[in-house]
Amino acid sequence: VLDARLFAEQLIRIAKCEVILIDIDNYIDSRTFDILEYRNQGVDATIYVERIGRGLQALQSTAQTQSGRLVRLAETRQRVHDRFLIIDDEVYHLGASLNELGKRLFAFSRLQMSKSVILCQVRSDN
């Protein structure tokens with residue numbers, strides 16, 4: 001669990017402009033927000049989900065109160081199955097949600113594709 005979390009934190013730390021998490025199945029908890037806090041000052045963070053419920057809004061508010069930094073939430077109407085992490089211009093495919101790090105075997109795969117391909121799909125109905 002520690003090795004997986006350290007790996008994710010290192011990825012987040014390399015961001016210079018933005019971190020975008022696409023986690024459509026809403027398996028997001030305080031650990032997800034904690035990992036995103038490893039981004040450098042001035043780096044934006046956004047989480048795309050299928051639906052922003054009260055519980056997720058409460059997590060966002062608590063994280064912002066504790067850290068003083070905003071993680072934006074955005075909804076997508078697209079039927080996306082997989083999870084993606086975008087670090088600036090690099091796209092990673094995640095085999096599971098960030099809050100599941102190290103609990104089971106899954107992969108982070110760097111994809112050779114433009115982030116605009118994914119974001120175009122995620123943002124198309126917004």
# chains A, B, ... in the order shown; residues from 1 in each chain; ligands from 1

$ residues_around --residues "Arg5 (chain A)" --least-positions-apart "5" --cutoff "10 Å" --atoms "only C-alpha atoms" --output "list in words"
Gln10, Leu11, Arg31, Ile35, Leu98, Asn99, Glu100, Leu101 and Gly102 of chain A

$ write_last_selection --atoms "C-alpha atoms" --output "PDB file, in the first residue's frame"
ATOM      1  CA  GLN A  10       5.487  11.139  -7.179  1.00  0.00           C
ATOM      2  CA  LEU A  11       3.333  11.371 -10.290  1.00  0.00           C
ATOM      3  CA  ARG A  31      -7.584   9.516   0.381  1.00  0.00           C
ATOM      4  CA  ILE A  35      -3.055  12.317  -2.757  1.00  0.00           C
ATOM      5  CA  LEU A  98      -6.701   6.135  -6.378  1.00  0.00           C
ATOM      6  CA  ASN A  99      -8.270   5.284  -3.035  1.00  0.00           C
ATOM      7  CA  GLU A 100      -7.716   1.585  -3.816  1.00  0.00           C
ATOM      8  CA  LEU A 101      -3.931   1.957  -4.173  1.00  0.00           C
ATOM      9  CA  GLY A 102      -2.078  -1.144  -3.076  1.00  0.00           C
TER      10      GLY A 102
END

$ select_by_dssp --residues "chain A" --states "strand (DSSP E or B)" --output "PyMOL selection string"
chain A and resi 18-22+44-49+72-75+83-87+90-94+108-111

$ write_last_selection --atoms "N, CA, C and O atoms" --output "short mmCIF file (atom, residue, chain, number, x, y, z; two decimals), in the first residue's frame"
data_model
loop_
_atom_site.label_atom_id
_atom_site.label_comp_id
_atom_site.auth_asym_id
_atom_site.auth_seq_id
_atom_site.Cartn_x
_atom_site.Cartn_y
_atom_site.Cartn_z
N GLU A 18 -1.32 21.22 -14.27
CA GLU A 18 -2.61 20.69 -13.87
C GLU A 18 -2.57 19.17 -13.65
O GLU A 18 -1.75 18.47 -14.23
N VAL A 19 -3.49 18.75 -12.81
CA VAL A 19 -3.74 17.33 -12.56
C VAL A 19 -5.24 17.14 -12.77
O VAL A 19 -6.04 17.85 -12.17
N ILE A 20 -5.58 16.20 -13.64
CA ILE A 20 -6.99 15.90 -13.89
C ILE A 20 -7.20 14.42 -13.62
O ILE A 20 -6.51 13.57 -14.18
N LEU A 21 -8.15 14.13 -12.76
CA LEU A 21 -8.52 12.75 -12.45
C LEU A 21 -9.91 12.50 -13.02
O LEU A 21 -10.84 13.28 -12.75
N ILE A 22 -10.03 11.46 -13.80
CA ILE A 22 -11.34 11.06 -14.33
C ILE A 22 -11.67 9.74 -13.66
O ILE A 22 -11.05 8.72 -13.94
N ASP A 44 -3.29 23.32 -10.76
CA ASP A 44 -4.73 23.11 -10.64
C ASP A 44 -5.05 21.63 -10.55
O ASP A 44 -4.32 20.79 -11.10
N ALA A 45 -6.16 21.31 -9.90
CA ALA A 45 -6.62 19.92 -9.80
C ALA A 45 -8.12 19.88 -10.06
O ALA A 45 -8.87 20.68 -9.52
N THR A 46 -8.51 18.92 -10.89
CA THR A 46 -9.92 18.73 -11.22
C THR A 46 -10.22 17.23 -11.19
O THR A 46 -9.43 16.42 -11.67
N ILE A 47 -11.37 16.89 -10.64
CA ILE A 47 -11.85 15.52 -10.65
C ILE A 47 -13.15 15.50 -11.45
O ILE A 47 -14.09 16.23 -11.13
N TYR A 48 -13.18 14.66 -12.49
CA TYR A 48 -14.40 14.46 -13.26
C TYR A 48 -15.08 13.20 -12.76
O TYR A 48 -14.44 12.16 -12.61
N VAL A 49 -16.38 13.32 -12.52
CA VAL A 49 -17.19 12.19 -12.07
C VAL A 49 -18.50 12.19 -12.85
O VAL A 49 -18.85 13.17 -13.51
N ARG A 72 -11.24 21.17 -7.93
CA ARG A 72 -12.51 21.37 -8.61
C ARG A 72 -13.18 20.04 -8.91
O ARG A 72 -12.50 19.05 -9.21
N LEU A 73 -14.50 20.04 -8.88
CA LEU A 73 -15.29 18.88 -9.26
C LEU A 73 -16.07 19.23 -10.52
O LEU A 73 -16.57 20.34 -10.65
N ALA A 74 -16.15 18.29 -11.45
CA ALA A 74 -16.91 18.50 -12.68
C ALA A 74 -17.63 17.21 -13.04
O ALA A 74 -17.12 16.12 -12.80
N GLU A 75 -18.81 17.37 -13.59
CA GLU A 75 -19.58 16.21 -14.03
C GLU A 75 -19.41 16.00 -15.52
O GLU A 75 -19.17 16.95 -16.27
N ARG A 83 -10.67 4.69 -15.70
CA ARG A 83 -10.19 5.84 -14.94
C ARG A 83 -8.91 6.34 -15.59
O ARG A 83 -8.08 5.54 -16.03
N PHE A 84 -8.76 7.66 -15.59
CA PHE A 84 -7.58 8.27 -16.19
C PHE A 84 -7.03 9.33 -15.26
O PHE A 84 -7.78 9.99 -14.54
N LEU A 85 -5.74 9.48 -15.30
CA LEU A 85 -5.05 10.54 -14.57
C LEU A 85 -4.23 11.30 -15.60
O LEU A 85 -3.44 10.70 -16.33
N ILE A 86 -4.46 12.60 -15.68
CA ILE A 86 -3.72 13.43 -16.62
C ILE A 86 -2.83 14.36 -15.81
O ILE A 86 -3.30 15.10 -14.95
N ILE A 87 -1.54 14.25 -16.09
CA ILE A 87 -0.54 15.10 -15.44
C ILE A 87 0.02 16.00 -16.54
O ILE A 87 0.76 15.53 -17.40
N GLU A 90 0.59 14.44 -20.03
CA GLU A 90 0.75 12.98 -20.00
C GLU A 90 -0.56 12.33 -19.53
O GLU A 90 -1.14 12.75 -18.53
N VAL A 91 -0.97 11.29 -20.23
CA VAL A 91 -2.21 10.59 -19.89
C VAL A 91 -1.86 9.21 -19.35
O VAL A 91 -1.11 8.45 -19.97
N TYR A 92 -2.42 8.90 -18.20
CA TYR A 92 -2.23 7.58 -17.57
C TYR A 92 -3.59 6.90 -17.46
O TYR A 92 -4.58 7.53 -17.10
N HIS A 93 -3.61 5.63 -17.75
CA HIS A 93 -4.79 4.80 -17.56
C HIS A 93 -4.62 4.11 -16.22
O HIS A 93 -3.56 3.55 -15.93
N LEU A 94 -5.64 4.18 -15.39
CA LEU A 94 -5.58 3.55 -14.06
C LEU A 94 -6.48 2.33 -14.03
O LEU A 94 -7.63 2.40 -14.46
N PHE A 108 -0.80 1.32 -13.48
CA PHE A 108 -0.79 2.66 -14.03
C PHE A 108 -0.11 2.50 -15.38
O PHE A 108 1.04 2.08 -15.44
N SER A 109 -0.77 2.84 -16.45
CA SER A 109 -0.17 2.72 -17.77
C SER A 109 -0.12 4.10 -18.43
O SER A 109 -1.14 4.78 -18.50
N ARG A 110 1.05 4.51 -18.88
CA ARG A 110 1.16 5.77 -19.59
C ARG A 110 0.74 5.54 -21.04
O ARG A 110 1.27 4.65 -21.70
N LEU A 111 -0.20 6.33 -21.50
CA LEU A 111 -0.74 6.17 -22.84
C LEU A 111 -0.06 7.15 -23.79
O LEU A 111 0.25 8.27 -23.42
#

$ select_by_dssp --residues "region 12-98 of chain A" --states "helix (DSSP H, G or I)" --output "list in words"
Ile12, Arg13, Ser30, Arg31, Thr32, Phe33, Asp34, Ile35, Leu36, Arg54, Gly55, Leu56, Gln57, Ala58, Leu59, Gln60, Ser61, Thr62, Ala63, Gln64, Thr65, Gln66, Ser67 and Leu98 of chain A

$ atom_distance --atom1 "CA of Ser114 (chain A)" --atom2 "CA of Arg39 (chain A)"
21.3 Å

$ closest_residue --among "A:Ala96, A:Val122, A:Leu105, A:Leu56" --to "Ser30 (chain A)" --atoms "only C-alpha atoms"
A:Leu56

$ residues_around --residues "Ala58 (chain A)" --least-positions-apart "6" --cutoff "12 Å" --atoms "only C-alpha atoms" --output "PyMOL selection string"
chain A and resi 28-30+33+52+64-65+73

$ closest_residue --among "A:Gln66, A:Lys103, A:Leu119, A:Val43" --to "Asp88 (chain A)" --atoms "only C-alpha atoms"
A:Val43

$ closest_residue --among "A:Asp34, A:Gly95, A:Leu2, A:Arg13" --to "Thr62 (chain A)" --atoms "only C-alpha atoms"
A:Asp34

$ closest_residue --among "A:Lys115, A:Gly55, A:Ser61, A:Asp89" --to "Ile14 (chain A)" --atoms "only C-alpha atoms"
A:Asp89

$ closest_residue --among "A:Met113, A:Thr32, A:Ala15, A:Glu50" --to "Arg77 (chain A)" --atoms "only C-alpha atoms"
A:Glu50

$ decode --residues "region 75-90 of chain A" --atoms "all heavy atoms" --output "mmCIF file, in the first residue's frame"
data_model
loop_
_atom_site.group_PDB
_atom_site.id
_atom_site.type_symbol
_atom_site.label_atom_id
_atom_site.label_comp_id
_atom_site.auth_asym_id
_atom_site.auth_seq_id
_atom_site.Cartn_x
_atom_site.Cartn_y
_atom_site.Cartn_z
ATOM 1 N N GLU A 75 -18.807 17.368 -13.595
ATOM 2 C CA GLU A 75 -19.579 16.211 -14.035
ATOM 3 C C GLU A 75 -19.407 16.003 -15.523
ATOM 4 O O GLU A 75 -19.174 16.952 -16.269
ATOM 5 C CB GLU A 75 -21.069 16.412 -13.740
ATOM 6 C CG GLU A 75 -21.408 16.329 -12.281
ATOM 7 C CD GLU A 75 -22.903 16.424 -12.020
ATOM 8 O OE1 GLU A 75 -23.666 16.804 -12.944
ATOM 9 O OE2 GLU A 75 -23.307 16.116 -10.895
ATOM 10 N N THR A 76 -19.540 14.766 -15.928
ATOM 11 C CA THR A 76 -19.573 14.424 -17.339
ATOM 12 C C THR A 76 -20.771 13.525 -17.584
ATOM 13 O O THR A 76 -21.119 12.700 -16.747
ATOM 14 C CB THR A 76 -18.282 13.726 -17.811
ATOM 15 O OG1 THR A 76 -18.412 13.445 -19.200
ATOM 16 C CG2 THR A 76 -17.981 12.467 -17.049
ATOM 17 N N ARG A 77 -21.397 13.722 -18.707
ATOM 18 C CA ARG A 77 -22.541 12.887 -19.087
ATOM 19 C C ARG A 77 -22.105 11.708 -19.951
ATOM 20 O O ARG A 77 -22.891 10.860 -20.292
ATOM 21 C CB ARG A 77 -23.564 13.719 -19.853
ATOM 22 C CG ARG A 77 -24.063 14.916 -19.078
ATOM 23 C CD ARG A 77 -24.996 14.485 -17.954
ATOM 24 N NE ARG A 77 -25.508 15.659 -17.278
ATOM 25 C CZ ARG A 77 -25.212 15.981 -16.037
ATOM 26 N NH1 ARG A 77 -24.423 15.226 -15.328
ATOM 27 N NH2 ARG A 77 -25.705 17.061 -15.486
ATOM 28 N N GLN A 78 -20.848 11.686 -20.314
ATOM 29 C CA GLN A 78 -20.349 10.597 -21.147
ATOM 30 C C GLN A 78 -20.291 9.304 -20.347
ATOM 31 O O GLN A 78 -20.032 9.312 -19.153
ATOM 32 C CB GLN A 78 -18.956 10.921 -21.686
ATOM 33 C CG GLN A 78 -18.961 12.035 -22.702
ATOM 34 C CD GLN A 78 -19.726 11.654 -23.952
ATOM 35 O OE1 GLN A 78 -19.620 10.546 -24.433
ATOM 36 N NE2 GLN A 78 -20.506 12.580 -24.472
ATOM 37 N N ARG A 79 -20.493 8.233 -21.029
ATOM 38 C CA ARG A 79 -20.426 6.910 -20.415
ATOM 39 C C ARG A 79 -18.982 6.431 -20.492
ATOM 40 O O ARG A 79 -18.592 5.743 -21.415
ATOM 41 C CB ARG A 79 -21.368 5.952 -21.116
ATOM 42 C CG ARG A 79 -22.796 6.427 -21.230
ATOM 43 C CD ARG A 79 -23.631 6.244 -20.026
ATOM 44 N NE ARG A 79 -23.769 4.844 -19.700
ATOM 45 C CZ ARG A 79 -24.128 4.438 -18.496
ATOM 46 N NH1 ARG A 79 -24.366 5.291 -17.554
ATOM 47 N NH2 ARG A 79 -24.231 3.169 -18.242
ATOM 48 N N VAL A 80 -18.191 6.827 -19.526
ATOM 49 C CA VAL A 80 -16.782 6.453 -19.462
ATOM 50 C C VAL A 80 -16.648 5.336 -18.440
ATOM 51 O O VAL A 80 -17.175 5.431 -17.343
ATOM 52 C CB VAL A 80 -15.898 7.660 -19.047
ATOM 53 C CG1 VAL A 80 -14.446 7.260 -18.964
ATOM 54 C CG2 VAL A 80 -16.099 8.815 -20.011
ATOM 55 N N HIS A 81 -15.942 4.280 -18.796
ATOM 56 C CA HIS A 81 -15.782 3.166 -17.874
ATOM 57 C C HIS A 81 -14.469 3.235 -17.115
ATOM 58 O O HIS A 81 -14.428 3.021 -15.906
ATOM 59 C CB HIS A 81 -15.856 1.837 -18.626
ATOM 60 C CG HIS A 81 -15.668 0.662 -17.728
ATOM 61 N ND1 HIS A 81 -14.433 0.109 -17.476
ATOM 62 C CD2 HIS A 81 -16.553 -0.038 -16.998
ATOM 63 C CE1 HIS A 81 -14.575 -0.897 -16.628
ATOM 64 N NE2 HIS A 81 -15.837 -1.013 -16.330
ATOM 65 N N ASP A 82 -13.416 3.526 -17.803
ATOM 66 C CA ASP A 82 -12.087 3.478 -17.201
ATOM 67 C C ASP A 82 -11.761 4.762 -16.450
ATOM 68 O O ASP A 82 -12.450 5.764 -16.559
ATOM 69 C CB ASP A 82 -11.032 3.239 -18.273
ATOM 70 C CG ASP A 82 -11.157 1.850 -18.888
ATOM 71 O OD1 ASP A 82 -11.901 1.023 -18.338
ATOM 72 O OD2 ASP A 82 -10.517 1.616 -19.914
ATOM 73 N N ARG A 83 -10.669 4.689 -15.705
ATOM 74 C CA ARG A 83 -10.188 5.841 -14.937
ATOM 75 C C ARG A 83 -8.908 6.337 -15.586
ATOM 76 O O ARG A 83 -8.084 5.544 -16.034
ATOM 77 C CB ARG A 83 -9.906 5.432 -13.501
ATOM 78 C CG ARG A 83 -11.149 5.011 -12.763
ATOM 79 C CD ARG A 83 -10.747 4.120 -11.581
ATOM 80 N NE ARG A 83 -11.853 3.295 -11.185
ATOM 81 C CZ ARG A 83 -12.116 2.092 -11.673
ATOM 82 N NH1 ARG A 83 -11.352 1.558 -12.596
ATOM 83 N NH2 ARG A 83 -13.129 1.415 -11.260
ATOM 84 N N PHE A 84 -8.756 7.656 -15.593
ATOM 85 C CA PHE A 84 -7.581 8.265 -16.192
ATOM 86 C C PHE A 84 -7.028 9.330 -15.261
ATOM 87 O O PHE A 84 -7.777 9.989 -14.545
ATOM 88 C CB PHE A 84 -7.927 8.912 -17.542
ATOM 89 C CG PHE A 84 -8.442 7.940 -18.560
ATOM 90 C CD1 PHE A 84 -9.795 7.702 -18.697
ATOM 91 C CD2 PHE A 84 -7.559 7.245 -19.372
ATOM 92 C CE1 PHE A 84 -10.274 6.794 -19.624
ATOM 93 C CE2 PHE A 84 -8.026 6.330 -20.305
ATOM 94 C CZ PHE A 84 -9.381 6.106 -20.432
ATOM 95 N N LEU A 85 -5.736 9.481 -15.299
ATOM 96 C CA LEU A 85 -5.046 10.539 -14.570
ATOM 97 C C LEU A 85 -4.230 11.302 -15.602
ATOM 98 O O LEU A 85 -3.435 10.703 -16.332
ATOM 99 C CB LEU A 85 -4.132 9.942 -13.493
ATOM 100 C CG LEU A 85 -3.332 10.931 -12.653
ATOM 101 C CD1 LEU A 85 -4.260 11.813 -11.816
ATOM 102 C CD2 LEU A 85 -2.351 10.179 -11.754
ATOM 103 N N ILE A 86 -4.458 12.598 -15.685
ATOM 104 C CA ILE A 86 -3.725 13.432 -16.620
ATOM 105 C C ILE A 86 -2.825 14.357 -15.813
ATOM 106 O O ILE A 86 -3.298 15.095 -14.951
ATOM 107 C CB ILE A 86 -4.679 14.239 -17.523
ATOM 108 C CG1 ILE A 86 -5.572 13.274 -18.314
ATOM 109 C CG2 ILE A 86 -3.895 15.175 -18.440
ATOM 110 C CD1 ILE A 86 -6.679 13.950 -19.100
ATOM 111 N N ILE A 87 -1.545 14.252 -16.087
ATOM 112 C CA ILE A 87 -0.539 15.097 -15.442
ATOM 113 C C ILE A 87 0.016 15.997 -16.543
ATOM 114 O O ILE A 87 0.764 15.531 -17.403
ATOM 115 C CB ILE A 87 0.600 14.254 -14.816
ATOM 116 C CG1 ILE A 87 0.074 13.168 -13.883
ATOM 117 C CG2 ILE A 87 1.624 15.141 -14.139
ATOM 118 C CD1 ILE A 87 -0.538 13.656 -12.606
ATOM 119 N N ASP A 88 -0.382 17.258 -16.528
ATOM 120 C CA ASP A 88 -0.030 18.198 -17.596
ATOM 121 C C ASP A 88 -0.462 17.610 -18.936
ATOM 122 O O ASP A 88 -1.644 17.545 -19.202
ATOM 123 C CB ASP A 88 1.455 18.575 -17.545
ATOM 124 C CG ASP A 88 1.818 19.324 -16.262
ATOM 125 O OD1 ASP A 88 0.937 20.019 -15.713
ATOM 126 O OD2 ASP A 88 2.960 19.209 -15.818
ATOM 127 N N ASP A 89 0.468 17.149 -19.753
ATOM 128 C CA ASP A 89 0.113 16.596 -21.062
ATOM 129 C C ASP A 89 0.226 15.073 -21.135
ATOM 130 O O ASP A 89 -0.025 14.490 -22.183
ATOM 131 C CB ASP A 89 1.002 17.219 -22.144
ATOM 132 C CG ASP A 89 0.699 18.694 -22.335
ATOM 133 O OD1 ASP A 89 -0.494 19.067 -22.264
ATOM 134 O OD2 ASP A 89 1.639 19.477 -22.532
ATOM 135 N N GLU A 90 0.594 14.441 -20.034
ATOM 136 C CA GLU A 90 0.745 12.977 -19.998
ATOM 137 C C GLU A 90 -0.559 12.331 -19.525
ATOM 138 O O GLU A 90 -1.145 12.746 -18.534
ATOM 139 C CB GLU A 90 1.872 12.567 -19.051
ATOM 140 C CG GLU A 90 3.234 13.062 -19.451
ATOM 141 C CD GLU A 90 3.774 12.358 -20.685
ATOM 142 O OE1 GLU A 90 3.436 11.174 -20.897
ATOM 143 O OE2 GLU A 90 4.529 12.998 -21.426
#
